[in-house]
Each structure stands twice: as C-alpha cells, then as structure tokens.
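Step one of this worksheet: look at the structure below.
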Amino acid sequence: MSQGDRHHRLLEKELAQILTYSNQSPHINLQARLIVDLHIDSLEMLELVSAVEKYTQQPLEDKIWMVWYRLQDVLDYLNSCDNCNRTANS
C-alpha cells in the first residue's frame, strides 16, 4: 500500500467517525468542502486537526489548518508531511 493510500485511509476513517457523531452521511469525496458540503463545525475541525497531529506526531500551526478548504487540502498536507512516512510505517 502506498503512502498516499495510507493517508487517504486515515482521512476517510477520521472523517467518517466525526461525521457519524454529528449524524451526517459518512460519504466522503476528496473535493468536498469541509464546512459547506460536510458541515464540519469548529469542534469537529479541532477533532480533525487533533487526529492529524496524532498521526504525524507533530503540532499543526494555525496557518496550516486554517487554509484547509476541501478534504483534498488535508490529504495534500499529509502527503507533504516529512514525519508522515516514518509514523505511518511504525
């Protein structure tokens, strides 16, 4: 399984869990907008940020996650993260 596939699975899993808690459909499309399409609220966004921080084992600066607009933006971050390779393989 490629690194990108691992990141995609993590993102799908975390979002499905967050959306299930808020009684929304867990159907995930990478072009979906976090707030407009998935109705992610501030608490759910913090849960997503926390999951990414836990996965990458590094804190996220506000300037990174505050520009996430679509699910693809989160996946792009995970794919570009230096520590993700080491963390996902452990």
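Chain identifiers are assigned as A, B, and so on, following the order in which chains appear in the structure tokens; residues are numbered from 1 within each chain, and ligands are numbered from 1 in order of appearance.
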
List the spatial neighbours of A:Ser42 as an NGL selection string - criterion: any atom at most 12 Å away, only C-alpha atoms, same-chain residues fewer than 6 positions off excluded. :A and (18 or 34-35 or 48-49 or 65-66)

Excluding same-chain residues fewer than 6 positions from A:Asp73, what lies within 9 Å of it counting only C-alpha atoms, as a CSV table (one decimal) with all heavy atoms, in the first residue's frame?
```csv
chain,number,residue,atom,x,y,z
A,30,LEU,N,-13.2,13.6,-2.0
A,30,LEU,CA,-12.0,14.5,-1.7
A,30,LEU,C,-12.2,15.9,-2.2
A,30,LEU,O,-11.5,16.8,-1.7
A,30,LEU,CB,-10.7,13.9,-2.4
A,30,LEU,CG,-10.2,12.7,-1.7
A,30,LEU,CD1,-9.0,12.1,-2.5
A,30,LEU,CD2,-9.8,13.0,-0.2
A,31,GLN,N,-13.1,16.2,-3.0
A,31,GLN,CA,-13.4,17.6,-3.5
A,31,GLN,C,-14.4,18.2,-2.6
A,31,GLN,O,-14.7,19.4,-2.8
A,31,GLN,CB,-13.8,17.6,-4.9
A,31,GLN,CG,-12.8,17.1,-5.9
A,31,GLN,CD,-11.4,17.8,-5.7
A,31,GLN,OE1,-11.3,19.0,-5.6
A,31,GLN,NE2,-10.4,17.0,-5.6
A,65,TRP,N,-3.7,24.6,9.1
A,65,TRP,CA,-5.1,24.0,9.0
A,65,TRP,C,-6.1,25.1,8.8
A,65,TRP,O,-7.2,24.7,8.3
A,65,TRP,CB,-5.4,23.2,10.3
A,65,TRP,CG,-5.5,24.0,11.6
A,65,TRP,CD1,-4.5,24.2,12.5
A,65,TRP,CD2,-6.7,24.6,12.1
A,65,TRP,NE1,-5.0,24.9,13.5
A,65,TRP,CE2,-6.3,25.2,13.3
A,65,TRP,CE3,-8.0,24.8,11.6
A,65,TRP,CZ2,-7.2,25.9,14.1
A,65,TRP,CZ3,-8.9,25.5,12.4
A,65,TRP,CH2,-8.5,26.0,13.6
A,67,VAL,N,-6.2,27.1,6.4
A,67,VAL,CA,-6.4,27.3,5.0
A,67,VAL,C,-7.0,26.0,4.3
A,67,VAL,O,-7.2,25.9,3.1
A,67,VAL,CB,-5.1,27.7,4.2
A,67,VAL,CG1,-4.7,29.1,4.7
A,67,VAL,CG2,-4.1,26.7,4.4
```

Between A:Leu15, A:Ile40, A:Cys81, A:Arg6, which one has atoms that come closest to A:Glu53, using only C-alpha atoms? A:Cys81

At a cut-off of 9 Å, using only C-alpha atoms, what residues contact A:Ile28? Leave out same-chain residues fewer than 5 positions from it and give the result as a list in words. Glu12, Leu15, Ala16, Leu38 and Leu71 of chain A

How about saving the chosen residues, all heavy atoms kept, as a CSV table (one decimal), in the first residue's frame?
```csv
chain,number,residue,atom,x,y,z
A,12,GLU,N,-10.2,9.2,5.5
A,12,GLU,CA,-11.6,8.7,5.4
A,12,GLU,C,-12.1,8.2,6.8
A,12,GLU,O,-13.2,8.4,7.2
A,12,GLU,CB,-11.6,7.5,4.4
A,12,GLU,CG,-11.6,8.0,3.0
A,12,GLU,CD,-11.7,6.8,2.1
A,12,GLU,OE1,-11.3,5.6,2.4
A,12,GLU,OE2,-12.1,7.0,0.9
A,15,LEU,N,-12.7,11.2,9.3
A,15,LEU,CA,-13.9,12.0,8.9
A,15,LEU,C,-15.2,11.2,9.0
A,15,LEU,O,-16.2,11.7,9.4
A,15,LEU,CB,-13.8,12.5,7.5
A,15,LEU,CG,-12.8,13.7,7.4
A,15,LEU,CD1,-12.5,14.0,5.9
A,15,LEU,CD2,-13.4,14.9,8.0
A,16,ALA,N,-15.2,9.9,8.7
A,16,ALA,CA,-16.3,9.1,8.9
A,16,ALA,C,-16.8,9.0,10.3
A,16,ALA,O,-18.0,9.1,10.6
A,16,ALA,CB,-16.1,7.7,8.4
A,38,LEU,N,-19.7,19.3,4.0
A,38,LEU,CA,-19.7,18.3,5.1
A,38,LEU,C,-20.2,18.9,6.4
A,38,LEU,O,-20.4,18.2,7.4
A,38,LEU,CB,-18.3,17.7,5.3
A,38,LEU,CG,-17.7,17.0,4.1
A,38,LEU,CD1,-16.3,16.5,4.4
A,38,LEU,CD2,-18.6,15.8,3.8
A,71,LEU,N,-11.4,18.5,1.5
A,71,LEU,CA,-10.7,17.3,2.0
A,71,LEU,C,-9.4,17.0,1.3
A,71,LEU,O,-8.4,16.6,2.0
A,71,LEU,CB,-11.6,16.0,1.8
A,71,LEU,CG,-12.9,16.0,2.6
A,71,LEU,CD1,-13.6,14.7,2.3
A,71,LEU,CD2,-12.6,16.1,4.1
```

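Rounded to one decimal, atom CA of A:Glu47 and atom CA of A:Ala32 lie 17.7 Å from each other.
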